[in-house]
Amino acid sequence: MGVGMMDAERLEVYAARAAPGFGKAAVPILAVAVLLTLGLAGALVNDPPEFNTDLDLFAPQSDAIDAHDRIHEQFPSERRPMFVHVVADDGSNVLSLDHLKAMKNDQDSLMASSSASQVVAWATAVTALDVALEEQTNGTTLAEVDDWATLLDLVLEEGTTCSLNQEDALLAAATFASSAMLHSDLDIDPVCAWLSDGSGVPVPTTSSTLWVLDINPDLPISEREAVQDALRTTLAEISEGSSLTYSAVSLDLISNDIDDATFDGLTMLIGLALLVVVVVLAFAFRSVTAVGFPLAGLSVALIWTYGVLNLFGAKFTALEVAVAPLVLGLGIDYSIHLQRVYLSIREDHESPAEAWLVACGKLSTPLLLAVVTTVAAFLANAVSPLPPIATFGVALALGVVCAFLASTLVVGALHVVVDARGKRSSAGVLRMPAFSERLVDVQHGQRLTILIVAVLVSLSSLVGALSLETEFDLADFLDDDLPVMQVRAEIDTSYEAAGWKVVYLLMEPVDGASTIPMDSRMVDELRFLHNDLKSDSAVVGTDGALRAPSYDGPYTVLRDAMLQDDGFGGRHGLELYNGEVYAIDDAPGQDFAPAFIELAGNASVADPLTGRTWADRVEATVALDGDTVTHLRNEVRVEASTSAESRRVVLGFNELVDGPDGSSGLNDDFEDHAVVYVTGDLVVLETVLENLSVSQLKSTAISLGVSFLVLLLLTRRLVPALVVLSPVAFSTLWVVGSMVLLGLKWNVLTVMVTALTLGIGIDFSIHMWQRMEVERERLGDRRSAMRSTMSTTGVALVMSAATTSLGFLVLLASPMPLIRDFGLITAVTVGFSLLLSLVLLPVLADLADEATGRNAQD
């Protein structure tokens, strides 16, 4: 094992020879570094990166997403709802006529704002009343109505009761409104009593209502977020002068607030991380230059990292917040090791250039190998199917390279230029002899205990890891105390179908066909699909005694048209039985496409909640090409507030399409008529969850493989390579086990912890192992070698680990829970990596020496 030492000595000789050249190059190196830094910093200031954390950016490629993009070209873009929670300032009934009139005035004010032009549909209580008044009266407005009794007389036909049935045209709209747009404390009994016998005062009561505003989905993501942010601001202004309070939430607003918090938090976190660096360096070296030079180098590394990413057009997400503390944490590791050696040997060399290069030569093997393995661990994430994680991995790898270059070249050049003018002397460095002596005694006397504890903790961690769940929600990036999250929580607790989302069932022609046959078989299958959705409790509107699944598709368009126009079905060979659509004649060759063609030219109101026309509904559900149908779209509203609920919903729809055993699903039912796909944001979310696990396994396997290969090349033997890698493997298991104890789950950041542990842990192990080998060759006595190793490299590792872990703990100050969790678990990662490198690695090395018969003296 003396080869490593001989290589280091040879490099030291080369370093001494190269010293004059490095001395002359110091000023040019600094000049280039300054120019490069100023250029990249200027680009960051003049064209700062935009942080975008929209869900679509996390979407990997899949058959469902490809089908979604392909089929959606035939339809208007998918809806992007913004939810507005409306409550009375005094907590009273928002459906009182006074409040409804105030709501009407407030809605008109909002409609008059510039951003409201991008709202393509308004599903609100007052919109529904406006539509009803327009349809049933000769222009009477809500402002002209004095009481609820008059309003009901105007909009309801004589004999109307509260009893709805499957053949009632308002069933689906009423079910959706009561479950998703009106507070769960809704009381319509006074209205029902009045409709029944004319008794009492017919005023419905509820403590809040929900507006659903569909934002123009064709806007770019950034513009769509800006529109909703502007609408939210306008609503806040309206609330100040109204008896009602309006608060908004949507996926786009959550993304917008994440991006705002990301940019604001990044500056604060960098400042805190730099402060930590200063404190630790001051404690370790007690020298202005020994603190200032690494600080300057790390600042340069940060600018280079973010500047290069910005220069090459990297798409920044909230994940990139964690890049800065990691670059600072790993970069300070390089600086501490190099400066400790440099300061300890400075007086032995003629020039600072020679001393610096000799220091680099002494640390060349562990430092270079640590950089290679760390970069490999981070680049392993580049194979992730999730674009933001791949970008994050590349950013971390780039940061490590920049930190290494800055710590070696820039910091070295600063020492050469400044120290050449000062007196040649070696500065004192922290040794901690008592700590080193005690630790060596423990290792020597408690080898078996250390080994048993390490194995038991690892086994327990492995068992605990099996229970870890994978979750992902954009809301995880935001603190629950933020206004948008408080609105989300209020909506979740106020409405039976709170926070509903959309799943799409898309249909395209089978292979070899260009159209979908709209014959009686197709009508039957669409009816069967309707009944399947009616029996699915995850679909909005299926909780009551009368199940009315809330969705829009070709079947509901036909059914609603037949319910509103008694002659429509007869004109197209269709009939209603118990509220369901049947073909009158089952003869082959029957075509119901003309029914949709007729409705496509109908500009009358089809949706009593939003005022959308029949033409609008057909455009959104049936793609026509002349007199044929080419594609169909079903937009299904489902209840799913958590990742677990989303997973159940998507699995249920996939089973509906493919069948419980891969057969007997919709694709089998539609056979030669159409191919069915399940798509939408929930499907994207589930795909992200699935690929998080894939990403973790791939990155961990690649990191482990590269680390083992590098160690094998370093040690040139299998056993030493396994010895150096073992503490890292143990540390990985311990970190996963600690996640269970801390109540953390796998998410877009924590899935990187295993690869991160390998990257950081292998750095510590290589430094420790290399120093042990050098000291054993030099001293010959194992215990003396271990004491020397602990008092030099061991102490340096403690210092660098303290800085790295404190740098990660800075993330606890982030306003984002996801970032805070990542900071905590990575700090734990550093702690475990240090502990096992200092305690377990020497024990394993001793046991390996004894097993292989290597000569060593106690």
# chains A, B, ... in the order shown; residues from 1 in each chain; ligands from 1

$ residues_around --residues "stretch 58-72 of chain A" --least-positions-apart "5" --cutoff "8 Å" --atoms "only C-alpha atoms" --output "ChimeraX atom specification"
/A:77-78,385-388,506-508,631,677-680,684-685,687-688,691

$ select_by_dssp --residues "stretch 172-285 of chain A" --states "strand (DSSP E)" --output "count of residues only"
14

$ closest_residue --among "A:Ala674, A:Leu219, A:Leu266, A:Leu714" --to "A:Ala318" --atoms "only C-alpha atoms"
A:Leu266

$ residues_around --residues "stretch 644-654 of chain A" --least-positions-apart "2" --cutoff "9 Å" --atoms "only C-alpha atoms" --output "CSV table (one decimal) with all heavy atoms, in the first residue's frame"
chain,number,residue,atom,x,y,z
A,470,THR,N,-43.5,7.8,-0.7
A,470,THR,CA,-43.0,8.8,-1.7
A,470,THR,C,-44.2,9.8,-1.9
A,470,THR,O,-45.3,9.4,-2.2
A,470,THR,CB,-42.7,8.2,-3.0
A,470,THR,OG1,-41.6,7.2,-2.8
A,470,THR,CG2,-42.2,9.3,-4.0
A,471,GLU,N,-43.9,11.1,-1.7
A,471,GLU,CA,-44.9,12.1,-1.9
A,471,GLU,C,-44.4,13.3,-2.7
A,471,GLU,O,-43.2,13.5,-2.6
A,471,GLU,CB,-45.5,12.6,-0.5
A,471,GLU,CG,-46.4,11.6,0.2
A,471,GLU,CD,-47.1,12.3,1.3
A,471,GLU,OE1,-46.9,13.5,1.6
A,471,GLU,OE2,-48.0,11.6,1.9
A,503,VAL,N,-59.1,14.9,-14.4
A,503,VAL,CA,-58.5,13.8,-15.1
A,503,VAL,C,-59.2,13.7,-16.5
A,503,VAL,O,-60.4,13.8,-16.6
A,503,VAL,CB,-58.8,12.4,-14.4
A,503,VAL,CG1,-58.4,11.2,-15.2
A,503,VAL,CG2,-58.0,12.4,-13.1
A,505,LEU,N,-60.0,11.6,-19.9
A,505,LEU,CA,-60.1,10.3,-20.7
A,505,LEU,C,-60.2,10.7,-22.2
A,505,LEU,O,-61.2,11.2,-22.6
A,505,LEU,CB,-61.3,9.5,-20.3
A,505,LEU,CG,-61.3,9.0,-18.9
A,505,LEU,CD1,-62.7,8.3,-18.5
A,505,LEU,CD2,-60.2,7.9,-18.7
A,536,ASP,N,-67.9,5.7,-9.2
A,536,ASP,CA,-66.6,6.0,-8.7
A,536,ASP,C,-66.7,7.1,-7.6
A,536,ASP,O,-67.0,8.2,-7.9
A,536,ASP,CB,-65.6,6.4,-9.8
A,536,ASP,CG,-64.2,6.5,-9.4
A,536,ASP,OD1,-63.9,6.6,-8.2
A,536,ASP,OD2,-63.3,6.5,-10.3
A,538,ALA,N,-64.5,8.7,-6.1
A,538,ALA,CA,-63.5,9.7,-6.3
A,538,ALA,C,-64.0,10.9,-7.2
A,538,ALA,O,-63.4,12.0,-7.2
A,538,ALA,CB,-62.2,9.2,-6.8
A,539,VAL,N,-65.0,10.6,-8.0
A,539,VAL,CA,-65.5,11.6,-8.9
A,539,VAL,C,-66.4,12.5,-8.2
A,539,VAL,O,-67.3,12.1,-7.4
A,539,VAL,CB,-66.2,10.9,-10.1
A,539,VAL,CG1,-66.8,11.9,-11.1
A,539,VAL,CG2,-65.3,10.0,-10.9
A,638,VAL,N,-62.3,15.2,-10.2
A,638,VAL,CA,-62.1,14.2,-9.1
A,638,VAL,C,-61.7,14.9,-7.9
A,638,VAL,O,-61.1,16.0,-7.9
A,638,VAL,CB,-61.1,13.2,-9.6
A,638,VAL,CG1,-61.6,12.4,-10.7
A,638,VAL,CG2,-59.8,13.8,-9.9
A,639,GLU,N,-61.9,14.3,-6.7
A,639,GLU,CA,-61.4,14.8,-5.4
A,639,GLU,C,-60.1,14.1,-5.1
A,639,GLU,O,-60.0,12.9,-5.0
A,639,GLU,CB,-62.4,14.5,-4.3
A,639,GLU,CG,-63.8,15.1,-4.6
A,639,GLU,CD,-64.8,14.8,-3.5
A,639,GLU,OE1,-64.4,14.9,-2.3
A,639,GLU,OE2,-65.9,14.4,-3.8
A,640,ALA,N,-59.0,14.9,-4.9
A,640,ALA,CA,-57.7,14.4,-4.6
A,640,ALA,C,-56.9,15.5,-4.0
A,640,ALA,O,-56.4,16.4,-4.7
A,640,ALA,CB,-57.0,13.8,-5.8
A,641,SER,N,-56.7,15.5,-2.7
A,641,SER,CA,-56.0,16.6,-2.0
A,641,SER,C,-54.6,16.2,-1.6
A,641,SER,O,-53.7,17.1,-1.4
A,641,SER,CB,-56.7,17.0,-0.7
A,641,SER,OG,-58.0,17.4,-1.0
A,642,THR,N,-54.3,14.9,-1.6
A,642,THR,CA,-52.9,14.5,-1.2
A,642,THR,C,-52.3,13.6,-2.3
A,642,THR,O,-53.0,13.1,-3.2
A,642,THR,CB,-53.0,13.7,0.1
A,642,THR,OG1,-53.7,12.5,0.0
A,642,THR,CG2,-53.6,14.5,1.2
A,656,LEU,N,-59.6,1.2,-14.8
A,656,LEU,CA,-60.9,1.4,-15.6
A,656,LEU,C,-60.5,1.2,-17.1
A,656,LEU,O,-61.3,0.6,-17.9
A,656,LEU,CB,-61.5,2.8,-15.4
A,656,LEU,CG,-62.7,3.1,-16.2
A,656,LEU,CD1,-63.9,2.2,-16.0
A,656,LEU,CD2,-63.1,4.6,-16.0
A,657,VAL,N,-59.4,1.8,-17.5
A,657,VAL,CA,-59.0,1.8,-19.0
A,657,VAL,C,-58.4,0.5,-19.4
A,657,VAL,O,-58.8,-0.1,-20.4
A,657,VAL,CB,-58.1,3.0,-19.3
A,657,VAL,CG1,-57.5,2.8,-20.7
A,657,VAL,CG2,-58.7,4.3,-19.1
A,658,ASP,N,-57.5,-0.1,-18.6
A,658,ASP,CA,-56.8,-1.3,-18.9
A,658,ASP,C,-57.4,-2.6,-18.4
A,658,ASP,O,-57.1,-3.7,-18.8
A,658,ASP,CB,-55.4,-1.2,-18.5
A,658,ASP,CG,-54.6,0.0,-19.1
A,658,ASP,OD1,-54.9,0.3,-20.3
A,658,ASP,OD2,-53.8,0.6,-18.5
A,659,GLY,N,-58.3,-2.4,-17.4
A,659,GLY,CA,-58.9,-3.6,-16.7
A,659,GLY,C,-58.1,-4.0,-15.5
A,659,GLY,O,-56.9,-3.7,-15.4
A,660,PRO,N,-58.7,-4.6,-14.5
A,660,PRO,CA,-58.0,-5.0,-13.3
A,660,PRO,C,-56.8,-6.0,-13.5
A,660,PRO,O,-55.9,-6.0,-12.8
A,660,PRO,CB,-59.1,-5.6,-12.4
A,660,PRO,CG,-60.1,-6.0,-13.4
A,660,PRO,CD,-60.1,-5.1,-14.5
A,665,GLY,N,-60.9,-3.9,-19.9
A,665,GLY,CA,-61.1,-2.5,-19.6
A,665,GLY,C,-61.7,-1.7,-20.7
A,665,GLY,O,-62.2,-2.3,-21.7
A,677,TYR,N,-56.9,6.9,-23.4
A,677,TYR,CA,-55.8,7.2,-22.6
A,677,TYR,C,-56.3,8.0,-21.3
A,677,TYR,O,-57.2,8.8,-21.4
A,677,TYR,CB,-54.8,8.1,-23.3
A,677,TYR,CG,-54.2,7.4,-24.6
A,677,TYR,CD1,-54.8,7.6,-25.8
A,677,TYR,CD2,-53.1,6.6,-24.5
A,677,TYR,CE1,-54.3,7.0,-27.0
A,677,TYR,CE2,-52.5,6.0,-25.6
A,677,TYR,CZ,-53.2,6.3,-26.9
A,677,TYR,OH,-52.6,5.7,-28.0
A,678,VAL,N,-55.6,7.8,-20.2
A,678,VAL,CA,-55.8,8.6,-19.0
A,678,VAL,C,-54.7,9.6,-18.9
A,678,VAL,O,-53.5,9.3,-18.9
A,678,VAL,CB,-55.8,7.7,-17.7
A,678,VAL,CG1,-56.1,8.6,-16.5
A,678,VAL,CG2,-56.8,6.6,-17.9
A,679,THR,N,-55.1,10.9,-18.9
A,679,THR,CA,-54.1,12.0,-18.8
A,679,THR,C,-54.5,13.1,-17.8
A,679,THR,O,-55.6,13.0,-17.2
A,679,THR,CB,-53.8,12.6,-20.2
A,679,THR,OG1,-54.9,13.4,-20.6
A,679,THR,CG2,-53.5,11.5,-21.2
A,682,LEU,N,-53.1,15.1,-12.6
A,682,LEU,CA,-52.9,14.0,-11.6
A,682,LEU,C,-52.1,12.9,-12.2
A,682,LEU,O,-51.3,12.2,-11.5
A,682,LEU,CB,-54.3,13.5,-11.2
A,682,LEU,CG,-55.1,14.3,-10.2
A,682,LEU,CD1,-56.3,13.5,-9.8
A,682,LEU,CD2,-54.3,14.7,-9.0
A,683,VAL,N,-52.2,12.6,-13.5
A,683,VAL,CA,-51.4,11.6,-14.1
A,683,VAL,C,-50.0,12.0,-14.2
A,683,VAL,O,-49.0,11.2,-13.9
A,683,VAL,CB,-51.9,11.2,-15.5
A,683,VAL,CG1,-51.1,10.2,-16.2
A,683,VAL,CG2,-53.4,10.8,-15.4
A,685,LEU,N,-48.6,14.0,-12.0
A,685,LEU,CA,-48.1,13.8,-10.6
A,685,LEU,C,-47.8,12.4,-10.3
A,685,LEU,O,-46.7,12.1,-9.7
A,685,LEU,CB,-49.2,14.3,-9.7
A,685,LEU,CG,-48.9,14.4,-8.2
A,685,LEU,CD1,-47.7,15.3,-7.9
A,685,LEU,CD2,-50.1,14.8,-7.4
A,686,GLU,N,-48.6,11.5,-10.7
A,686,GLU,CA,-48.3,10.1,-10.4
A,686,GLU,C,-47.1,9.6,-11.2
A,686,GLU,O,-46.3,8.8,-10.6
A,686,GLU,CB,-49.5,9.2,-10.8
A,686,GLU,CG,-49.3,7.7,-10.7
A,686,GLU,CD,-49.0,7.3,-9.3
A,686,GLU,OE1,-49.3,8.0,-8.3
A,686,GLU,OE2,-48.5,6.2,-9.1
A,689,LEU,N,-44.2,10.7,-9.2
A,689,LEU,CA,-43.9,9.9,-8.0
A,689,LEU,C,-43.3,8.6,-8.4
A,689,LEU,O,-42.3,8.1,-7.7
A,689,LEU,CB,-45.3,9.6,-7.4
A,689,LEU,CG,-45.9,10.8,-6.7
A,689,LEU,CD1,-47.3,10.4,-6.2
A,689,LEU,CD2,-45.1,11.3,-5.5

$ residues_around --residues "A:Val828" --least-positions-apart "6" --cutoff "9 Å" --atoms "only C-alpha atoms" --output "VMD selection string"
chain A and resid 735 738 805

$ write_last_selection --atoms "N, CA, C and O atoms" --output "mmCIF file, in the first residue's frame"
data_model
loop_
_atom_site.group_PDB
_atom_site.id
_atom_site.type_symbol
_atom_site.label_atom_id
_atom_site.label_comp_id
_atom_site.auth_asym_id
_atom_site.auth_seq_id
_atom_site.Cartn_x
_atom_site.Cartn_y
_atom_site.Cartn_z
ATOM 1 N N VAL A 735 -28.800 7.188 7.144
ATOM 2 C CA VAL A 735 -29.530 8.394 6.749
ATOM 3 C C VAL A 735 -30.983 8.055 6.423
ATOM 4 O O VAL A 735 -31.917 8.760 6.830
ATOM 5 N N SER A 738 -32.784 7.459 9.577
ATOM 6 C CA SER A 738 -33.066 8.704 10.302
ATOM 7 C C SER A 738 -34.256 9.442 9.699
ATOM 8 O O SER A 738 -34.963 10.162 10.414
ATOM 9 N N SER A 805 -22.143 20.826 7.396
ATOM 10 C CA SER A 805 -23.430 20.567 8.038
ATOM 11 C C SER A 805 -24.116 21.873 8.441
ATOM 12 O O SER A 805 -25.338 22.021 8.274
#

$ closest_atom_pairs --of "stretch 171-207 of chain A" --to "stretch 160-163 of chain A" --cutoff "7 Å" --atoms "only C-alpha atoms" --output "Markdown table"
| residue | atom | partner | partner_atom | distance |
| --- | --- | --- | --- | --- |
| A:Cys192 | CA | A:Cys162 | CA | 5.5 |
| A:Leu195 | CA | A:Thr161 | CA | 5.7 |
| A:Ser196 | CA | A:Thr161 | CA | 6.4 |

$ write_last_selection --atoms "all heavy atoms" --output "CSV table (one decimal), in the first residue's frame"
chain,number,residue,atom,x,y,z
A,192,CYS,N,-87.0,24.7,0.2
A,192,CYS,CA,-87.8,23.5,-0.1
A,192,CYS,C,-89.2,23.7,0.5
A,192,CYS,O,-90.2,23.3,-0.1
A,192,CYS,CB,-87.1,22.3,0.4
A,192,CYS,SG,-85.5,21.9,-0.5
A,195,LEU,N,-91.2,26.1,-1.6
A,195,LEU,CA,-91.6,25.6,-2.9
A,195,LEU,C,-92.7,24.6,-2.7
A,195,LEU,O,-93.5,24.4,-3.6
A,195,LEU,CB,-90.4,24.9,-3.5
A,195,LEU,CG,-89.3,25.8,-4.1
A,195,LEU,CD1,-88.1,25.0,-4.6
A,195,LEU,CD2,-89.8,26.7,-5.2
A,196,SER,N,-92.7,23.9,-1.5
A,196,SER,CA,-93.7,22.8,-1.3
A,196,SER,C,-95.0,23.4,-0.9
A,196,SER,O,-96.0,23.0,-1.5
A,196,SER,CB,-93.2,21.9,-0.2
A,196,SER,OG,-94.1,20.9,0.2

$ atom_distance --atom1 "atom CA of A:Leu838" --atom2 "atom CA of A:Ser335"
19.8 Å

$ closest_residue --among "A:Thr289, A:Gly399, A:Ala261, A:Glu158" --to "A:Thr53" --atoms "only C-alpha atoms"
A:Ala261

$ residues_around --residues "A:Ala290" --least-positions-apart "3" --cutoff "10 Å" --atoms "only C-alpha atoms" --output "list in words"
Val278, Leu281, Ala282, Ala284, Phe285, Arg286, Ser287, Phe293, Pro294, Leu295, Ser335, Ile336, Gln339, Arg340, Leu343, Val411, His415 and Ala427 of chain A

$ residues_around --residues "A:Ser800" --least-positions-apart "3" --cutoff "7 Å" --atoms "only C-alpha atoms" --output "VMD selection string"
chain A and resid 332 to 333 336 796 to 797 803 to 804

$ residues_around --residues "A:Ser199" --least-positions-apart "5" --cutoff "9 Å" --atoms "only C-alpha atoms" --output "PyMOL selection string"
chain A and resi 190+193-194
